[in-house]
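Only one structure is covered here, and it is reproduced in the block below.
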Amino acid sequence: MNLTLHLTDNCNMDCSYCIREKCPKDMTEEVLYKACDLAFSKGPRAGICFFGGEPLIRKDLIYKALDHCEKKSEETGIRFDCKMTTNGTLLDEEFIERAVRAKMGIGLSFDGKAQDVCRIFAGGNPTSEVVEEKAKLLLKHMPDASALATIAPQAVSYYAESVEYLHDLGFRNLSFVIAYGRKVNWTDDDMVILREELKKTCAYVKELFIRGEKFYIGPIYTKISECIRDKNTAERCHLGLRQMPVTPDGRIYPCTSFIGDEDYLLGDVFNGINKEKVFEISKKESTPETCIGCDLVKRCTNSCGCANRMNTGDENKVSPLQCTYERMLIEECDALGEDLYQINPQRFAEVFK
Amino acid sequence: MNIKPLKEYSKPLYAIGIASALTALALTGCTDPNDKGDKEVDYAGGLAICAEETSETKPTINTLELEGMI
């Protein structure tokens, strides 16, 4: 099974949109090994995502988990996959080399040109210079590493510029999401700018497509490819039951935003997972009432319980922000899709199939 | 900003037309038309929200069972 290990609740950065409460609580080795064993206990593969806080604050735990899981994989024949989401500031050559040996996928949280608007060190210093250097180091060893950007309203005008910057830096896998939650306040004016930035970004993607460059940017590519494949985006989240977070003290929840809510506690690494609880959650209706009857119901992320909970406090209630953003995104992505298809249908099929 | 259910939306032409392009690819023998590929980023988004980025599909009871959740 897949588990996301919150190795620590501590972080060396202080991002303005971050809703996690920082505290000096780290995972113990006992919890770590139990969690790894649990990942191997059921299912055809074991997947671990190292997460935090900032996971590289506890690099030692990552090394121990990798050694343990690789040994376990050899013994059992069960495939082991791992990945990590990091702010990158503590990356070094030794760690990256170990990560390459483990075939770890690394997602670097990096807001590009907007980095210093929201993502600063605890204490207030900017992080962009440090992270840019670390990004170059990462890409040298892992050219397929991903940049994960979060766009907050105060940085929305940097969206398109950031896409271009991250591409020029060497990233070929980008993920751009907008910031949700109680710490951000999107206005109608911000949404107008966001629309313009999406248009500029789509124009840039078109340029790269014409140049024949291999480049992936979520959510744009996802929206187009899922439309082609007739995939129901609304069914994708389901409260994260397929990638459950494990807290530093070993408790297991469905998704990050449910951590600490005892109604959603699924179990712990010592006693295992409460199957009835998982069963109960997996059966929950996931389409918000306001979305039933909307023609885009299968194309938008209305059912992301995590985002809904952050925006409205209720996993089954979509927010006006998300609805507005999704409509805008689908419209711009479809316009781009039509353009690219007209330019070169065969290449379009190769890229988006 | 408001919640506005959309009506009279029709599937974009690129999504309809691509079936023929995929057939063409299959005929050239370059690519398996059944190969869905998987280029999606699915890192734990946590605070950054993984709404767009998880590659998960709705887990049916059977798939949950297969993956060891039940």
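Identifiers in the structure tokens: chain A, B, ... in order shown; residue index from 1 per chain; ligand index from 1 in order shown.
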Among region 120-304 of chain A, which ones does DSSP assign to alpha helix (DSSP H) (computed from the backbone)? Answer as a ChimeraX atom specification. /A:128-141,159-169,188-210,220-228,275-282
Do a neighbour search on Asp188 (chain A) at 9 Å with only C-alpha atoms, toss out local chain neighbours closer than 4 positions, and write the hits as a list in words. Val192 and Ile193 of chain A; Met1 of chain B
Dump C-alpha atoms for the selected residues as a PDB file, in the first residue's frame?
```pdb
ATOM      1  CA  VAL A 192      -9.084  38.318 -13.803  1.00  0.00           C
ATOM      2  CA  ILE A 193      -5.300  38.331 -13.557  1.00  0.00           C
TER       3      ILE A 193
ATOM      4  CA  MET B   1     -16.961  34.491  -7.694  1.00  0.00           C
TER       5      MET B   1
END
```
Hey, what's within 12 Å of Ala149 (chain A) if we count only C-alpha atoms and toss same-chain stuff fewer than 4 positions away? As JSON, numbers by chain, please? {"A": [85, 86, 87, 107, 108, 109, 110, 111, 112, 113, 114, 115, 118, 119, 155, 156, 158, 159, 160, 162, 163, 165, 166, 171, 173, 174, 175, 176, 177, 178, 179, 217, 218, 219], "B": [43, 45, 47, 48, 49, 50, 53]}
Please, which residues of region 160-213 of chain A, numbered as in this document, come out strand (DSSP E) from DSSP, as a list of chain:residue names? A:Asn173, A:Leu174, A:Ser175, A:Phe176, A:Val177, A:Ile178
